[in-house]
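Beneath this line is the structure, given in structure tokens, with notes to follow.
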Protein chains: 4
Amino acid sequence: MTMEVGILGATGMVGQQFVALLANHPWFKVAWLGASERSAGKAYRDAAAWRLPAPLSDDVAKLGVDAATPGRAPKLVFSGLDSSVAGEIEGAFAQAGHIVVSNSRNYRMEADVPLLIPEVNADHLALLKAQAARNWKGRIVTNPNCVVVVYAMALAPLRQFGLKSSIITTLQAISGAGYPGVPSWDILGNVIPFIGGGEEQKIETETNKILGTVKNGAVQDHEVKISAAVTRVGVHNGHTGSIAVSLDQKPDVDAIVAAWNGFRGRPQALGLPSAPAQPIVYLTEQNRPQPSLDVNRDGGMTITIGRLRACPVLDFKFVALGHNTIRGAAGAAILNAELMHREGLL
Amino acid sequence: MTMEVGILGATGMVGQQFVALLANHPWFKVAWLGASERSAGKAYRDAAAWRLPAPLSDDVAKLGVDAATPGRAPKLVFSGLDSSVAGEIEGAFAQAGHIVVSNSRNYRMEADVPLLIPEVNADHLALLKAQAARNWKGRIVTNPNCVVVVYAMALAPLRQFGLKSSIITTLQAISGAGYPGVPSWDILGNVIPFIGGGEEQKIETETNKILGTVKNGAVQDHEVKISAAVTRVGVHNGHTGSIAVSLDQKPDVDAIVAAWNGFRGRPQALGLPSAPAQPIVYLTEQNRPQPSLDVNRDGGMTITIGRLRACPVLDFKFVALGHNTIRGAAGAAILNAELMHREGLL
Amino acid sequence: MTMEVGILGATGMVGQQFVALLANHPWFKVAWLGASERSAGKAYRDAAAWRLPAPLSDDVAKLGVDAATPGRAPKLVFSGLDSSVAGEIEGAFAQAGHIVVSNSRNYRMEADVPLLIPEVNADHLALLKAQAARNWKGRIVTNPNCVVVVYAMALAPLRQFGLKSSIITTLQAISGAGYPGVPSWDILGNVIPFIGGGEEQKIETETNKILGTVKNGAVQDHEVKISAAVTRVGVHNGHTGSIAVSLDQKPDVDAIVAAWNGFRGRPQALGLPSAPAQPIVYLTEQNRPQPSLDVNRDGGMTITIGRLRACPVLDFKFVALGHNTIRGAAGAAILNAELMHREGLL
Amino acid sequence: MTMEVGILGATGMVGQQFVALLANHPWFKVAWLGASERSAGKAYRDAAAWRLPAPLSDDVAKLGVDAATPGRAPKLVFSGLDSSVAGEIEGAFAQAGHIVVSNSRNYRMEADVPLLIPEVNADHLALLKAQAARNWKGRIVTNPNCVVVVYAMALAPLRQFGLKSSIITTLQAISGAGYPGVPSWDILGNVIPFIGGGEEQKIETETNKILGTVKNGAVQDHEVKISAAVTRVGVHNGHTGSIAVSLDQKPDVDAIVAAWNGFRGRPQALGLPSAPAQPIVYLTEQNRPQPSLDVNRDGGMTITIGRLRACPVLDFKFVALGHNTIRGAAGAAILNAELMHREGLL
């Protein structure tokens, strides 16, 4: 039995990634596409040029694009909406009874909205009950910023060692800026040491919520001090983080690598369709991970880490990489929905 | 009166940059070129393809390339030799009475060899006296690793605020790897989170020597803990550093920016030909510095800095950029020689 | 004595190039900037981010941006307007008495408008008299499409050999698409075999007009059949053409190279400030010209050609390169204005 | 039943592609790896860094690398050897009784060696009988140059329209130069209008042999005049050709598109494992094909064509694209071997 799903913001970079990832999904079938007024009324194929190497299926190509308003959409709706409009639209869908599984930032930090990485904090779904206090018949669940997914997954297994603080410098792919996104004139052969939209602040705040624990129906943040510096580089897909951490306990390198390689969560226990068998893979080659070689591992759902070594200022430093529009966006949301489905929340 | 100079390693990436920068130098004239056996005996134009946008002057193009042995070379010799051979060859030239102004790493950390950034530690030339203890009729002076020039210049004006520790993640240009250097297959649209040759170690050790002070004829290192993580990106020229620092005193942002913009050294006091009027320029735009836009400022001799802001883990973070084969290599060595010339050491 | 000039479309890619090239011009001084409503009223520095490596002069940075309407503008106005608005605006300026030296395509193929490359068809300025028949107190002069400047200059010296037909495939730089122009997602590590706006048709028609001769006050097209196929590649500046030609006479390679290297025109005879000493330079290396190495020769005003060899289908094939926003746009227009100034037409 | 196969030149770019494509092959299993002395004796994993995104299977990773000499190799050997050594080594293997299915250029133009594209000239396998005249117990079969596969497939369906001549300008990927291949300094943001090793000559000669017909046991070349101009661009995989053709008959655009889309050959008739269902796909979007979007279609074995339109000089022009290390190299050889297997020639 497949469940029909909708996609909000279906023509954008993340929206197209939703379409691509759901093409052969065992549970979910794309039956509704919502986008801006400009696209509404057109066949999906004509609403926006398809920009992914994976071919667009004829079924979805022929689907008509609807306006981004509730009504004809199925109960489960994925959202890849731009944050400039996501707040209002997602709220309207939740109010109208939809389960909105969103990649947008608007509701992430709301106290009653789970900010979910299923391997890390599946129990945060407990927050959903509190949404009953809103005049919503439906619910909203969010996944983190595309850097934060990579970063929080890398940090989660380090909590056991007394994670105190961390500094991250990112080298982020252009797909993170959507489409048309970064002009080629600006990024070809260049580095831009800035990303708008509060990117650094998102990294510094979302991570604490994700690593936190649910007590009395609310998330109590993990007390880790985080400093983020972000840059954009000329890479199609894959956010790389150069990360330093301080740990109260002083584990050795082998213990940390074992913690990463052995890390498993609810998606693995439940055998969710989009769950990678091993969510974090430590690469032993001295020059890895690299976007070109590692970003698509396990369909883009695995985080790869390498170069763990002592840090003369904090305690350890390493490099982590994840696919920003799959593990960091559309794939993250789909994994959230898979978890909710198996937990009986859809 | 111009002084004839030689270039060791004249066909390599740094060697070509020496040739380009000396093309219209008011004091120095390239009169001798030394390279490997493979090139010796050929005209420079035929010894290696010219790979810089600045046209090769006919004068130098016609010069014959000599073997990398003392004898016919002028007294002052710049060295862009690969470190695999620089130790022996530069030593032989020093022994034979040459002043070797070297970009290679081999002698940088020797106690009696100045590791020089003229704006920062011109007084380290005092070490040269100690070289008399070697059986050298000549002398060796070195400039730092290409990242370290940028980094140490950015840190130097912060010593007054009690600089204690710093973490740097670099995004380094391909020209830093020489030629043929990084294969295009590896770096096009990619990030490589590793650079060989002990790059991180060089950054962590050279900086302390440069920032140190000369006491009783020896350098006493500045006690700053440094942690470096290096990456290679698809940029032609320009090493970018994402830097965090902790400072004992807690200056405000304006005081730090003023310290950078006001920073001057001996090259500015002496009006050396290659000295930029303002060695460090703080850019106020939120997305700067960028290699594409800023790397060639003042002929590539200026360090640009931007994005100074509080760091939740250390005290401040910012971004610094410099031209790695000019300010970080050939231009650095030329400025060293200009300083020595004006200080009567040639 | 310097002449004050204005720039229409001052914030765009070509507009910024006008500002950069006129920064130290011996005759012309930028005194007026016109742009869209969105920019009007702001200081130039604030109207649009400066995107060129050459620093923006303080004088121009402080200039206020005016609306793109005649009135306050000086008599001589350069236009880098987008073709969607250039027709109406340039016409209004001409009507109001301005000399509009335009890079836009709108008036290029009008029978009474010179489509000028000063080295090739300076005599086409004779068309200007015919503009008296319009209700214009001023005049419009145009330069060709950015590919056509390169192409027509390469073909002009071949007319003497009985040029009959030519096929060109271009590899065009991203700056040709303006700003923001080509999204990085589309072009990074890619080739796009299409350019909109009738690019191929422009190449196939403009070239004939430029190579034509003025008879009885009208241009008689040169009868050369041209076929153009255009592609976009990830290059900042420099349009490369892979060109084949058939020639009635069968000159040898040396004769053709001599024709190119010896080619001179009015700008050289008059010593115009922006005129390169040798407008076409044939490079003998087997792998040239290349954008990275050759595009900025003589300030970007020289066309470089290489790889001349027999073509088994037509007669000869070769590669030509020119800087698309300098020789192919802003520099072309400035050279046009310099010619007009010296010919007493301003 | 799987057949054991060997790979000559197993560590190179094409060798790695052989390993990747054979990883899950239904008929062939990699059991032997031959490479240079430098690699011999090492495990494959250690002999050369794996440089493809597809993970290296543990089975092959553990295989020992042998010297490139016959003896321990299985009967069927794929060769991705560099042409500097392929002539001698492949000859030695053929003499020793091996079936050498080679991607190297050395034997391609020999009269008794099939230069094979299975969809185009499967009947050329008849040449193999003539190899009995050599002192070879084995045989050599070759596939064309990586551009020629794309080009000859695009031209093959046009033979019915009286194909007379063609001009091609290529934009070739860096993987075509092997590894380390093109230095990043040379190609990043650049175009190199030259490829060594007689690339243009190969295109101009191999195509005629491939399109030719076997008469009396020998290939009679197709009489088509070809002119090739090659360039290198910063693309990982995918050679693009801008192609013009003259055709005796004057078909309309629809007839040509139908000829391409309907083109099938022996691989499709036999259902060979690596055969794409539709070897040539015409794309109707005006800006296709593009390497980023189209090169991996059907596992990289499909040629995509687009932009067919009239050519003012010849008759038609269009753009063709193929994956140079799959359809143009390793995949081509594997398809050759599959054909030979089904034809009973292994």
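Residues in the structure tokens are named by chain (A, B, ... in the order shown) and by number from 1 within that chain; ligands are numbered from 1 in the order shown.
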Please build the interface table for chain C against chain A with a cut-off of 7 Å, listing for each qualifying residue the nearest atom pair and the distance in Å to one decimal; count only C-alpha atoms, order rows by chain and increasing number, and write it as a tab-separated table.
```
residue	atom	partner	partner_atom	distance
C:Ile174	CA	A:Trp185	CA	6.7
C:Ser175	CA	A:Trp185	CA	6.8
C:Pro180	CA	A:Pro183	CA	5.1
C:Gly181	CA	A:Pro183	CA	6.5
C:Val182	CA	A:Ser184	CA	5.8
C:Pro183	CA	A:Pro183	CA	4.7
C:Ser184	CA	A:Ser184	CA	3.9
C:Trp185	CA	A:His236	CA	6.6
C:His236	CA	A:Trp185	CA	6.6
```
May I have the residues from that selection written out with N, CA, C and O atoms, as a tab-separated table (two decimals), in the first residue's frame?
```tsv
chain	number	residue	atom	x	y	z
C	174	ILE	N	31.14	33.33	-19.23
C	174	ILE	CA	29.92	33.63	-18.49
C	174	ILE	C	29.64	35.12	-18.38
C	174	ILE	O	28.50	35.53	-18.29
C	175	SER	N	30.68	35.95	-18.44
C	175	SER	CA	30.44	37.39	-18.30
C	175	SER	C	29.60	37.90	-19.46
C	175	SER	O	28.97	38.95	-19.35
C	180	PRO	N	23.00	38.77	-12.70
C	180	PRO	CA	23.61	37.53	-12.23
C	180	PRO	C	23.88	36.51	-13.33
C	180	PRO	O	24.67	35.62	-13.13
C	181	GLY	N	23.26	36.61	-14.45
C	181	GLY	CA	23.63	35.78	-15.59
C	181	GLY	C	23.46	34.29	-15.36
C	181	GLY	O	22.44	33.84	-14.84
C	182	VAL	N	24.48	33.53	-15.73
C	182	VAL	CA	24.39	32.08	-15.70
C	182	VAL	C	24.46	31.56	-14.26
C	182	VAL	O	25.43	31.83	-13.56
C	183	PRO	N	23.46	30.81	-13.80
C	183	PRO	CA	23.54	30.22	-12.46
C	183	PRO	C	24.72	29.24	-12.38
C	183	PRO	O	24.97	28.48	-13.32
C	184	SER	N	25.41	29.27	-11.25
C	184	SER	CA	26.57	28.39	-11.11
C	184	SER	C	26.16	26.93	-11.20
C	184	SER	O	26.91	26.10	-11.72
C	185	TRP	N	24.97	26.60	-10.72
C	185	TRP	CA	24.51	25.21	-10.81
C	185	TRP	C	24.56	24.70	-12.25
C	185	TRP	O	24.82	23.54	-12.51
C	236	HIS	N	35.56	32.92	-16.97
C	236	HIS	CA	35.10	34.25	-16.58
C	236	HIS	C	35.02	35.21	-17.77
C	236	HIS	O	33.99	35.79	-18.04
```
**Report entry** Test item: residues at most 8 Å from Thr325 (chain A), only C-alpha atoms, excluding those fewer than 4 positions along its chain, as a PyMOL selection string
**Finding:** chain A and resi 13-14+17+146+175-176+237+329-331
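Residues within 6 Å of region 260-268 of chain A, counting only C-alpha atoms and excluding same-chain residues fewer than 4 positions away, are Glu119, Leu272, Ala275, Ile280 and Val281 of chain A.
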Can you list, as a PDB file with N, CA, C and O atoms, in the first residue's frame, every residue of region 147-318 of chain B that DSSP puts in alpha helix (DSSP H)?
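Output file selection_21.pdb is given in full below:
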```pdb
ATOM      1  N   VAL B 147      50.815  30.071   3.609  1.00  0.00           N
ATOM      2  CA  VAL B 147      49.715  30.368   4.536  1.00  0.00           C
ATOM      3  C   VAL B 147      50.225  31.224   5.689  1.00  0.00           C
ATOM      4  O   VAL B 147      49.551  32.173   6.125  1.00  0.00           O
ATOM      5  N   VAL B 148      51.410  30.893   6.139  1.00  0.00           N
ATOM      6  CA  VAL B 148      51.922  31.539   7.354  1.00  0.00           C
ATOM      7  C   VAL B 148      52.123  33.037   7.147  1.00  0.00           C
ATOM      8  O   VAL B 148      51.893  33.830   8.059  1.00  0.00           O
ATOM      9  N   VAL B 149      52.519  33.435   5.930  1.00  0.00           N
ATOM     10  CA  VAL B 149      52.672  34.870   5.697  1.00  0.00           C
ATOM     11  C   VAL B 149      51.350  35.583   5.976  1.00  0.00           C
ATOM     12  O   VAL B 149      51.299  36.596   6.677  1.00  0.00           O
ATOM     13  N   VAL B 150      50.276  35.029   5.421  1.00  0.00           N
ATOM     14  CA  VAL B 150      48.962  35.650   5.615  1.00  0.00           C
ATOM     15  C   VAL B 150      48.564  35.635   7.092  1.00  0.00           C
ATOM     16  O   VAL B 150      48.126  36.640   7.659  1.00  0.00           O
ATOM     17  N   TYR B 151      48.743  34.491   7.667  1.00  0.00           N
ATOM     18  CA  TYR B 151      48.292  34.250   9.041  1.00  0.00           C
ATOM     19  C   TYR B 151      49.092  35.086  10.040  1.00  0.00           C
ATOM     20  O   TYR B 151      48.525  35.774  10.902  1.00  0.00           O
ATOM     21  N   ALA B 152      50.399  35.056   9.910  1.00  0.00           N
ATOM     22  CA  ALA B 152      51.243  35.780  10.869  1.00  0.00           C
ATOM     23  C   ALA B 152      51.059  37.283  10.748  1.00  0.00           C
ATOM     24  O   ALA B 152      51.111  38.010  11.742  1.00  0.00           O
ATOM     25  N   MET B 153      50.828  37.757   9.517  1.00  0.00           N
ATOM     26  CA  MET B 153      50.563  39.194   9.390  1.00  0.00           C
ATOM     27  C   MET B 153      49.235  39.559  10.046  1.00  0.00           C
ATOM     28  O   MET B 153      49.129  40.614  10.684  1.00  0.00           O
ATOM     29  N   ALA B 154      48.244  38.691   9.908  1.00  0.00           N
ATOM     30  CA  ALA B 154      46.953  38.974  10.545  1.00  0.00           C
ATOM     31  C   ALA B 154      47.066  38.930  12.065  1.00  0.00           C
ATOM     32  O   ALA B 154      46.402  39.685  12.781  1.00  0.00           O
ATOM     33  N   LEU B 155      47.920  38.045  12.565  1.00  0.00           N
ATOM     34  CA  LEU B 155      48.053  37.893  14.023  1.00  0.00           C
ATOM     35  C   LEU B 155      48.977  38.939  14.648  1.00  0.00           C
ATOM     36  O   LEU B 155      48.803  39.303  15.823  1.00  0.00           O
ATOM     37  N   SER B 184      43.661  18.054 -12.316  1.00  0.00           N
ATOM     38  CA  SER B 184      42.330  18.656 -12.431  1.00  0.00           C
ATOM     39  C   SER B 184      41.240  17.660 -12.046  1.00  0.00           C
ATOM     40  O   SER B 184      40.217  18.045 -11.488  1.00  0.00           O
ATOM     41  N   TRP B 185      41.441  16.385 -12.338  1.00  0.00           N
ATOM     42  CA  TRP B 185      40.447  15.384 -11.958  1.00  0.00           C
ATOM     43  C   TRP B 185      40.127  15.442 -10.465  1.00  0.00           C
ATOM     44  O   TRP B 185      38.995  15.214 -10.058  1.00  0.00           O
ATOM     45  N   ASP B 186      41.143  15.764  -9.655  1.00  0.00           N
ATOM     46  CA  ASP B 186      40.973  15.749  -8.200  1.00  0.00           C
ATOM     47  C   ASP B 186      40.292  16.981  -7.634  1.00  0.00           C
ATOM     48  O   ASP B 186      39.658  16.914  -6.582  1.00  0.00           O
ATOM     49  N   ILE B 187      40.429  18.108  -8.276  1.00  0.00           N
ATOM     50  CA  ILE B 187      40.021  19.352  -7.611  1.00  0.00           C
ATOM     51  C   ILE B 187      38.862  20.068  -8.287  1.00  0.00           C
ATOM     52  O   ILE B 187      38.189  20.900  -7.659  1.00  0.00           O
ATOM     53  N   GLU B 199      52.011  20.499   5.870  1.00  0.00           N
ATOM     54  CA  GLU B 199      51.470  21.859   5.792  1.00  0.00           C
ATOM     55  C   GLU B 199      50.933  22.345   7.140  1.00  0.00           C
ATOM     56  O   GLU B 199      51.223  23.462   7.570  1.00  0.00           O
ATOM     57  N   GLU B 200      50.167  21.500   7.792  1.00  0.00           N
ATOM     58  CA  GLU B 200      49.566  21.952   9.058  1.00  0.00           C
ATOM     59  C   GLU B 200      50.635  22.173  10.126  1.00  0.00           C
ATOM     60  O   GLU B 200      50.576  23.125  10.908  1.00  0.00           O
ATOM     61  N   GLN B 201      51.610  21.293  10.134  1.00  0.00           N
ATOM     62  CA  GLN B 201      52.691  21.429  11.119  1.00  0.00           C
ATOM     63  C   GLN B 201      53.498  22.712  10.885  1.00  0.00           C
ATOM     64  O   GLN B 201      53.878  23.404  11.827  1.00  0.00           O
ATOM     65  N   LYS B 202      53.746  23.013   9.602  1.00  0.00           N
ATOM     66  CA  LYS B 202      54.465  24.245   9.288  1.00  0.00           C
ATOM     67  C   LYS B 202      53.712  25.460   9.833  1.00  0.00           C
ATOM     68  O   LYS B 202      54.308  26.374  10.415  1.00  0.00           O
ATOM     69  N   ILE B 203      52.409  25.464   9.625  1.00  0.00           N
ATOM     70  CA  ILE B 203      51.618  26.601  10.109  1.00  0.00           C
ATOM     71  C   ILE B 203      51.700  26.698  11.629  1.00  0.00           C
ATOM     72  O   ILE B 203      51.828  27.783  12.199  1.00  0.00           O
ATOM     73  N   GLU B 204      51.681  25.548  12.287  1.00  0.00           N
ATOM     74  CA  GLU B 204      51.646  25.543  13.752  1.00  0.00           C
ATOM     75  C   GLU B 204      52.990  25.891  14.383  1.00  0.00           C
ATOM     76  O   GLU B 204      53.050  26.272  15.542  1.00  0.00           O
ATOM     77  N   THR B 205      54.078  25.753  13.622  1.00  0.00           N
ATOM     78  CA  THR B 205      55.388  26.029  14.213  1.00  0.00           C
ATOM     79  C   THR B 205      56.008  27.326  13.706  1.00  0.00           C
ATOM     80  O   THR B 205      56.585  28.090  14.479  1.00  0.00           O
ATOM     81  N   GLU B 206      55.923  27.569  12.393  1.00  0.00           N
ATOM     82  CA  GLU B 206      56.583  28.763  11.847  1.00  0.00           C
ATOM     83  C   GLU B 206      56.014  30.044  12.446  1.00  0.00           C
ATOM     84  O   GLU B 206      56.747  31.016  12.681  1.00  0.00           O
ATOM     85  N   THR B 207      54.712  30.051  12.675  1.00  0.00           N
ATOM     86  CA  THR B 207      54.068  31.274  13.160  1.00  0.00           C
ATOM     87  C   THR B 207      54.676  31.738  14.481  1.00  0.00           C
ATOM     88  O   THR B 207      54.922  32.938  14.684  1.00  0.00           O
ATOM     89  N   ASN B 208      54.922  30.793  15.378  1.00  0.00           N
ATOM     90  CA  ASN B 208      55.490  31.163  16.681  1.00  0.00           C
ATOM     91  C   ASN B 208      56.876  31.775  16.563  1.00  0.00           C
ATOM     92  O   ASN B 208      57.224  32.703  17.295  1.00  0.00           O
ATOM     93  N   LYS B 209      57.677  31.244  15.631  1.00  0.00           N
ATOM     94  CA  LYS B 209      59.014  31.815  15.446  1.00  0.00           C
ATOM     95  C   LYS B 209      58.912  33.240  14.905  1.00  0.00           C
ATOM     96  O   LYS B 209      59.601  34.151  15.384  1.00  0.00           O
ATOM     97  N   ILE B 210      58.045  33.434  13.925  1.00  0.00           N
ATOM     98  CA  ILE B 210      57.917  34.755  13.294  1.00  0.00           C
ATOM     99  C   ILE B 210      57.446  35.805  14.305  1.00  0.00           C
ATOM    100  O   ILE B 210      57.941  36.935  14.318  1.00  0.00           O
ATOM    101  N   VAL B 253      35.725  45.321  18.624  1.00  0.00           N
ATOM    102  CA  VAL B 253      35.954  45.121  17.197  1.00  0.00           C
ATOM    103  C   VAL B 253      36.675  46.317  16.581  1.00  0.00           C
ATOM    104  O   VAL B 253      37.603  46.163  15.776  1.00  0.00           O
ATOM    105  N   ASP B 254      36.290  47.516  16.953  1.00  0.00           N
ATOM    106  CA  ASP B 254      36.901  48.701  16.364  1.00  0.00           C
ATOM    107  C   ASP B 254      38.395  48.781  16.663  1.00  0.00           C
ATOM    108  O   ASP B 254      39.183  49.191  15.806  1.00  0.00           O
ATOM    109  N   ALA B 255      38.772  48.391  17.864  1.00  0.00           N
ATOM    110  CA  ALA B 255      40.191  48.463  18.230  1.00  0.00           C
ATOM    111  C   ALA B 255      41.004  47.485  17.391  1.00  0.00           C
ATOM    112  O   ALA B 255      42.138  47.773  16.979  1.00  0.00           O
ATOM    113  N   ILE B 256      40.429  46.336  17.127  1.00  0.00           N
ATOM    114  CA  ILE B 256      41.153  45.346  16.343  1.00  0.00           C
ATOM    115  C   ILE B 256      41.268  45.794  14.886  1.00  0.00           C
ATOM    116  O   ILE B 256      42.338  45.721  14.275  1.00  0.00           O
ATOM    117  N   VAL B 257      40.165  46.297  14.338  1.00  0.00           N
ATOM    118  CA  VAL B 257      40.211  46.784  12.961  1.00  0.00           C
ATOM    119  C   VAL B 257      41.222  47.920  12.840  1.00  0.00           C
ATOM    120  O   VAL B 257      41.996  47.980  11.876  1.00  0.00           O
ATOM    121  N   ALA B 258      41.246  48.796  13.825  1.00  0.00           N
ATOM    122  CA  ALA B 258      42.207  49.900  13.800  1.00  0.00           C
ATOM    123  C   ALA B 258      43.641  49.380  13.862  1.00  0.00           C
ATOM    124  O   ALA B 258      44.543  49.908  13.195  1.00  0.00           O
ATOM    125  N   ALA B 259      43.852  48.342  14.647  1.00  0.00           N
ATOM    126  CA  ALA B 259      45.200  47.760  14.749  1.00  0.00           C
ATOM    127  C   ALA B 259      45.634  47.201  13.399  1.00  0.00           C
ATOM    128  O   ALA B 259      46.793  47.338  12.994  1.00  0.00           O
ATOM    129  N   TRP B 260      44.711  46.548  12.701  1.00  0.00           N
ATOM    130  CA  TRP B 260      45.070  46.006  11.386  1.00  0.00           C
ATOM    131  C   TRP B 260      45.319  47.126  10.371  1.00  0.00           C
ATOM    132  O   TRP B 260      46.327  47.152   9.695  1.00  0.00           O
ATOM    133  N   ASN B 261      44.362  48.044  10.259  1.00  0.00           N
ATOM    134  CA  ASN B 261      44.496  49.085   9.240  1.00  0.00           C
ATOM    135  C   ASN B 261      45.691  49.996   9.500  1.00  0.00           C
ATOM    136  O   ASN B 261      46.259  50.562   8.570  1.00  0.00           O
ATOM    137  N   ARG B 266      58.893  48.090   8.792  1.00  0.00           N
ATOM    138  CA  ARG B 266      60.102  48.638   8.179  1.00  0.00           C
ATOM    139  C   ARG B 266      59.920  48.889   6.679  1.00  0.00           C
ATOM    140  O   ARG B 266      60.393  49.901   6.161  1.00  0.00           O
ATOM    141  N   PRO B 267      59.271  47.972   5.932  1.00  0.00           N
ATOM    142  CA  PRO B 267      59.149  48.198   4.480  1.00  0.00           C
ATOM    143  C   PRO B 267      58.446  49.510   4.160  1.00  0.00           C
ATOM    144  O   PRO B 267      58.812  50.200   3.209  1.00  0.00           O
ATOM    145  N   GLN B 268      57.438  49.840   4.971  1.00  0.00           N
ATOM    146  CA  GLN B 268      56.724  51.089   4.748  1.00  0.00           C
ATOM    147  C   GLN B 268      57.596  52.276   5.171  1.00  0.00           C
ATOM    148  O   GLN B 268      57.649  53.297   4.489  1.00  0.00           O
ATOM    149  N   ALA B 269      58.309  52.113   6.275  1.00  0.00           N
ATOM    150  CA  ALA B 269      59.183  53.189   6.743  1.00  0.00           C
ATOM    151  C   ALA B 269      60.283  53.469   5.727  1.00  0.00           C
ATOM    152  O   ALA B 269      60.642  54.615   5.468  1.00  0.00           O
ATOM    153  N   LEU B 270      60.810  52.410   5.135  1.00  0.00           N
ATOM    154  CA  LEU B 270      61.917  52.552   4.186  1.00  0.00           C
ATOM    155  C   LEU B 270      61.424  52.818   2.770  1.00  0.00           C
ATOM    156  O   LEU B 270      62.211  53.095   1.871  1.00  0.00           O
ATOM    157  N   PRO B 291      39.101  35.687  -3.083  1.00  0.00           N
ATOM    158  CA  PRO B 291      40.236  35.591  -4.009  1.00  0.00           C
ATOM    159  C   PRO B 291      40.002  36.305  -5.337  1.00  0.00           C
ATOM    160  O   PRO B 291      40.851  37.077  -5.803  1.00  0.00           O
ATOM    161  N   SER B 292      38.831  36.080  -5.957  1.00  0.00           N
ATOM    162  CA  SER B 292      38.575  36.688  -7.272  1.00  0.00           C
ATOM    163  C   SER B 292      38.693  38.202  -7.267  1.00  0.00           C
ATOM    164  O   SER B 292      39.099  38.803  -8.251  1.00  0.00           O
ATOM    165  N   LEU B 293      38.294  38.816  -6.187  1.00  0.00           N
ATOM    166  CA  LEU B 293      38.199  40.269  -6.158  1.00  0.00           C
ATOM    167  C   LEU B 293      39.372  40.936  -5.467  1.00  0.00           C
ATOM    168  O   LEU B 293      39.714  42.071  -5.778  1.00  0.00           O
ATOM    169  N   ASP B 294      39.983  40.247  -4.520  1.00  0.00           N
ATOM    170  CA  ASP B 294      40.911  40.952  -3.627  1.00  0.00           C
ATOM    171  C   ASP B 294      42.364  40.483  -3.681  1.00  0.00           C
ATOM    172  O   ASP B 294      43.225  41.133  -3.100  1.00  0.00           O
TER     173      ASP B 294
END
```
Once you count only C-alpha atoms, what closest atom pair and distance in Å to one decimal does each residue of region 85-185 of chain B within 12 Å of region 243-250 of chain A have, with rows by chain and rising residue number, as a tab-separated table?
```
residue	atom	partner	partner_atom	distance
B:Ser166	CA	A:Ala244	CA	11.7
B:Ile167	CA	A:Ala244	CA	8.6
B:Ile168	CA	A:Ala244	CA	10.2
B:Thr169	CA	A:Ile243	CA	8.9
```
Writer output for current selection, N, CA and C atoms, as a PDB file, in the first residue's frame:
```pdb
ATOM      1  N   SER B 166      44.906  30.265  18.722  1.00  0.00           N
ATOM      2  CA  SER B 166      44.200  30.519  17.465  1.00  0.00           C
ATOM      3  C   SER B 166      43.962  29.210  16.734  1.00  0.00           C
ATOM      4  N   ILE B 167      42.797  29.131  16.122  1.00  0.00           N
ATOM      5  CA  ILE B 167      42.471  27.999  15.249  1.00  0.00           C
ATOM      6  C   ILE B 167      42.261  28.546  13.852  1.00  0.00           C
ATOM      7  N   ILE B 168      42.873  27.900  12.868  1.00  0.00           N
ATOM      8  CA  ILE B 168      42.706  28.329  11.482  1.00  0.00           C
ATOM      9  C   ILE B 168      42.321  27.139  10.604  1.00  0.00           C
ATOM     10  N   THR B 169      41.299  27.364   9.774  1.00  0.00           N
ATOM     11  CA  THR B 169      41.019  26.431   8.683  1.00  0.00           C
ATOM     12  C   THR B 169      41.310  27.170   7.399  1.00  0.00           C
TER      13      THR B 169
END
```
